[in-house]
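To start, the structure under review is shown below, and the notes come after it.
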Amino acid sequence: MQFIDPSLPRDIFGWTSPRLGMEMPIVRYGRGGHALLLFPTAQADFLENERFFLVKSIEPMIMAGRVQVFSIDSINKHAWMNKKVPVQEKIRRQQLYSGYVEEEVVPYIRRCMGNPSARIGTTGASFGAFHAANAFFRRPDLFDTVIGMSGFYDLRGDLYLQGTMNEGAYFNNPMSFLENLSDRNIMESYRRSQIHFVTGQGSYEAPDCSRRISALLWSKGIPNNLDIWGHDVNHDWPWWRRMLPFYLSQKVGW
């Protein structure tokens, strides 16, 4: 089985990020429709979602011009999932990565779209859901939709932040800055957006992570969709290949 249809428009581009100091590739699928920024899982690269057929699962929508997908590398192998890097440095690298997404990737996507003010959707599974949510909640002026699949949204705890909390960590950890959010303009931007959390209850899933962020948003009057799938739904690609096309075709309405 081919990863994607050979006739699907696919372009690989990239540049040396001045913030990150490394080559950062990006792949674009499609030519028209709403832009969707896709983050990889764990420590993976910009082509992971193609290799695991997630792009193929929404190929009909891309071919129909309803959505165009942009997939980028993760920072995790240089930050959160690198045991050799001190926590303070992991935070600094996450800050740089957020700047790369907001100040480099978004302008590139807008140029591709020919629309300098377009708002973009974000999505990802597992750790990719964290990055998708972090991008969306940091900058709702840039992003208008988030679909978090099997995600977690809080880095606090022994595994990642290990008790460290500074400004960089605070503003790159959705559960932290949302807890204290009171800016009416930002909250109104969220209300004009689409927020979807979908997760299973099977092996290696953590549905309470989605429940917590959903409840926090509702407590601030921010509508969102929490969708808890069954106990047979595991933390794995076959389910994400069902979740993403279902949400894009049935819920988001692009």
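Chain labels follow the order of the structure tokens: the first chain is A, the next B, and so on; residue numbering restarts at 1 in every chain, and ligands are counted from 1 in their shown order.
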
Would you list the contacts of A:Ser17 as a ChimeraX atom specification, taking every protein, DNA or RNA residue within 10 Å and counting only C-alpha atoms, but skipping same-chain residues closer than 3 positions in sequence?
-> /A:14,20-25,96-97,100,104-105

Residues of the last selection are to be written out with C-alpha atoms, as a PDB file, in the first residue's frame.
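For reference, again.pdb as written:
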ATOM      1  CA  GLY A  14      12.383  23.863   4.574  1.00  0.00           C
ATOM      2  CA  LEU A  20      16.409  26.975  16.469  1.00  0.00           C
ATOM      3  CA  GLY A  21      19.662  27.054  14.540  1.00  0.00           C
ATOM      4  CA  MET A  22      18.805  23.899  12.636  1.00  0.00           C
ATOM      5  CA  GLU A  23      17.269  22.818   9.358  1.00  0.00           C
ATOM      6  CA  MET A  24      13.504  22.491   9.772  1.00  0.00           C
ATOM      7  CA  PRO A  25      11.660  20.746   6.921  1.00  0.00           C
ATOM      8  CA  LEU A  96      12.202  28.758  20.691  1.00  0.00           C
ATOM      9  CA  TYR A  97      10.068  26.100  19.036  1.00  0.00           C
ATOM     10  CA  TYR A 100       9.446  29.013  15.172  1.00  0.00           C
ATOM     11  CA  GLU A 104       8.209  31.193  10.759  1.00  0.00           C
ATOM     12  CA  VAL A 105       5.758  28.386  10.001  1.00  0.00           C
TER      13      VAL A 105
END

Each residue of stretch 107-136 of chain A with at least one atom at most 12 Å from stretch 230-235 of chain A should appear once, together with its nearest atom pair and the corresponding distance in Å (one decimal); atoms considered: only C-alpha atoms; ordering: chain, then increasing residue number; output as CSV.
residue,atom,partner,partner_atom,distance
A:Ala125,CA,A:His235,CA,8.9
A:Ser126,CA,A:His235,CA,7.8
A:Phe127,CA,A:His235,CA,11.4

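Taking atom CA of A:Pro140 and atom CA of A:Glu102 as endpoints, the distance between them is 10.8 Å.
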
Closest pair table for stretch 34-92 of chain A residues within 8 Å of stretch 129-134 of chain A, only C-alpha atoms, as JSON lines:
{"residue": "A:Leu37", "atom": "CA", "partner": "A:Ala132", "partner_atom": "CA", "distance": 7.9}
{"residue": "A:Leu38", "atom": "CA", "partner": "A:Ala132", "partner_atom": "CA", "distance": 7.5}
{"residue": "A:Phe39", "atom": "CA", "partner": "A:Ala132", "partner_atom": "CA", "distance": 6.6}
{"residue": "A:Thr41", "atom": "CA", "partner": "A:Ala129", "partner_atom": "CA", "distance": 8.0}

Take the residues just selected and output them with N, CA and C atoms as a PDB file, in the first residue's frame.
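This is the output file result.pdb:
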ATOM      1  N   LEU A  37      -2.263  22.551  10.364  1.00  0.00           N
ATOM      2  CA  LEU A  37      -0.889  22.289  10.793  1.00  0.00           C
ATOM      3  C   LEU A  37      -0.875  21.016  11.622  1.00  0.00           C
ATOM      4  N   LEU A  38      -0.081  20.047  11.177  1.00  0.00           N
ATOM      5  CA  LEU A  38      -0.069  18.705  11.756  1.00  0.00           C
ATOM      6  C   LEU A  38       1.260  18.461  12.464  1.00  0.00           C
ATOM      7  N   PHE A  39       1.190  18.123  13.747  1.00  0.00           N
ATOM      8  CA  PHE A  39       2.375  17.846  14.549  1.00  0.00           C
ATOM      9  C   PHE A  39       2.579  16.334  14.679  1.00  0.00           C
ATOM     10  N   THR A  41       4.010  12.725  16.578  1.00  0.00           N
ATOM     11  CA  THR A  41       4.014  12.198  17.930  1.00  0.00           C
ATOM     12  C   THR A  41       5.440  12.148  18.466  1.00  0.00           C
TER      13      THR A  41
END

Name the residues of stretch 34-244 of chain A that fall into helix (DSSP H, G or I) according to DSSP on the backbone, using the chain letters and numbers of this document, as JSON, numbers by chain.
-> {"A": [48, 49, 50, 51, 54, 55, 56, 57, 59, 60, 61, 62, 63, 76, 77, 78, 87, 88, 89, 90, 91, 92, 93, 94, 95, 96, 97, 98, 99, 100, 101, 102, 103, 104, 105, 106, 107, 108, 109, 110, 111, 112, 113, 127, 128, 129, 130, 131, 132, 133, 134, 135, 136, 137, 138, 167, 168, 169, 170, 174, 175, 176, 177, 178, 179, 184, 185, 186, 187, 188, 189, 190, 191, 207, 208, 209, 210, 211, 212, 213, 214, 215, 216, 217, 218, 219, 237, 238, 239, 240, 241, 242, 243, 244]}

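Non-sequential neighbours of A:Val67 (distance at most 7 Å, separation of 2 or more positions within a chain, only C-alpha atoms) are Gly32, Gly33, His34, Ala35, Leu36, Met61, Ile62, Gly65 and Val69 of chain A.
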
So that each row is one residue of stretch 88-168 of chain A with an atom at most 12 Å from stretch 172-196 of chain A, can you give its shortest atom pair and the distance in Å to one decimal, using only C-alpha atoms, rows by chain and rising number, as a Markdown table?
| residue | atom | partner | partner_atom | distance |
| --- | --- | --- | --- | --- |
| A:Lys90 | CA | A:Asn172 | CA | 11.2 |
| A:Ile91 | CA | A:Asn172 | CA | 8.2 |
| A:Arg92 | CA | A:Asn172 | CA | 10.1 |
| A:Arg93 | CA | A:Asn172 | CA | 10.7 |
| A:Gln94 | CA | A:Asn172 | CA | 7.3 |
| A:Gln95 | CA | A:Asn172 | CA | 7.0 |
| A:Leu96 | CA | A:Asn172 | CA | 10.5 |
| A:Tyr97 | CA | A:Asn172 | CA | 10.0 |
| A:Ser98 | CA | A:Asn172 | CA | 7.9 |
| A:Gly99 | CA | A:Asn172 | CA | 10.8 |
| A:Arg119 | CA | A:Ser193 | CA | 9.8 |
| A:Ile120 | CA | A:Ser193 | CA | 10.4 |
| A:Gly121 | CA | A:Gln194 | CA | 8.9 |
| A:Thr122 | CA | A:Ile195 | CA | 9.9 |
| A:Thr123 | CA | A:His196 | CA | 9.5 |
| A:Gly124 | CA | A:His196 | CA | 11.4 |
| A:Ala129 | CA | A:His196 | CA | 10.6 |
| A:Phe130 | CA | A:Pro174 | CA | 8.3 |
| A:His131 | CA | A:Asn172 | CA | 9.0 |
| A:Ala132 | CA | A:Pro174 | CA | 10.4 |
| A:Ala133 | CA | A:Pro174 | CA | 7.2 |
| A:Asn134 | CA | A:Pro174 | CA | 5.7 |
| A:Ala135 | CA | A:Asn172 | CA | 8.6 |
| A:Phe136 | CA | A:Tyr190 | CA | 8.9 |
| A:Phe137 | CA | A:Pro174 | CA | 6.7 |
| A:Arg138 | CA | A:Asn172 | CA | 7.7 |
| A:Arg139 | CA | A:Ile186 | CA | 8.7 |
| A:Pro140 | CA | A:Ser189 | CA | 6.0 |
| A:Asp141 | CA | A:Ser189 | CA | 7.1 |
| A:Leu142 | CA | A:Ser189 | CA | 10.2 |
| A:Phe143 | CA | A:Ser193 | CA | 8.2 |
| A:Asp144 | CA | A:Ser193 | CA | 4.8 |
| A:Thr145 | CA | A:Gln194 | CA | 4.6 |
| A:Val146 | CA | A:Ile195 | CA | 5.1 |
| A:Ile147 | CA | A:His196 | CA | 4.8 |
| A:Gly148 | CA | A:His196 | CA | 6.2 |
| A:Met149 | CA | A:His196 | CA | 8.5 |
| A:Ser150 | CA | A:His196 | CA | 11.0 |
| A:Gly151 | CA | A:His196 | CA | 10.9 |
| A:Phe152 | CA | A:Met175 | CA | 9.6 |
| A:Tyr153 | CA | A:Pro174 | CA | 6.0 |
| A:Asp154 | CA | A:Met175 | CA | 5.4 |
| A:Leu155 | CA | A:Asn173 | CA | 6.3 |
| A:Arg156 | CA | A:Asn173 | CA | 8.1 |
| A:Gly157 | CA | A:Asn173 | CA | 11.8 |
| A:Tyr160 | CA | A:Asn173 | CA | 10.9 |
| A:Leu161 | CA | A:Asn173 | CA | 9.8 |
| A:Thr164 | CA | A:Asn173 | CA | 11.8 |
| A:Met165 | CA | A:Ser176 | CA | 9.5 |
| A:Asn166 | CA | A:Asn172 | CA | 10.0 |
| A:Glu167 | CA | A:Asn172 | CA | 8.5 |
| A:Gly168 | CA | A:Asn172 | CA | 6.3 |

What is the distance between atom CA of A:Trp239 and atom CA of A:Ser210, in Å to one decimal?
-> 16.2 Å

Leaving out A:Ala42 and any residue of its chain fewer than 4 positions from it, which residues lie within 10 Å of it when counting only C-alpha atoms, given as a list in words?
-> Ser74, Ile75, Asn76, Lys77, Trp80, Met81, Ala125, Ser126, Phe127 and Gly128 of chain A

Could you save the residues just selected, with C-alpha atoms, as a compact mmCIF listing (two decimals), in the first residue's frame?
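Output below, filename again_5.txt:
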# COMPACT_ATOMS: atom_id res chain seq x y z
CA SER A 74 8.81 18.05 16.61
CA ILE A 75 11.25 19.60 19.08
CA ASN A 76 10.92 16.69 21.51
CA LYS A 77 14.11 14.82 20.66
CA TRP A 80 11.27 17.10 26.46
CA MET A 81 12.29 13.54 25.55
CA ALA A 125 -1.93 12.74 18.35
CA SER A 126 -0.32 11.96 21.69
CA PHE A 127 2.53 14.47 22.25
CA GLY A 128 1.49 16.03 18.94

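You will find atom CA of A:Lys56 at 5.5 Å from atom CA of A:Ile4.
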
Among listed residues A:Asn82, A:Ser214, A:Gln43, A:Ser57, nearest A:Leu159 (using only C-alpha atoms) |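 So, comparing all the options, the nearest one is A:Asn82.
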
So, counting only C-alpha atoms, which residue among A:Ile26, A:Ala118, A:Met63, A:Val87 is closest to A:Asp158?
->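 Counting only C-alpha atoms, the residue closest to A:Asp158 is A:Val87.
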
Report as number ranges by chain: the residues of stretch 45-108 of chain A with a DSSP assignment of strand (DSSP E), based on the backbone of this structure.
-> A: 67-72

Could you pull the residues within 7 Å of A:Asp45, counting only C-alpha atoms, minus those fewer than 3 positions along the same chain, as a VMD selection string?
-> chain A and resid 40 48 72 to 74

Which one of A:Pro207, A:Asn224, A:Leu47, A:Arg31 sits closest to A:Val252 if you count only C-alpha atoms?
->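 Answer, going by the shortest atom-to-atom distance: A:Asn224.
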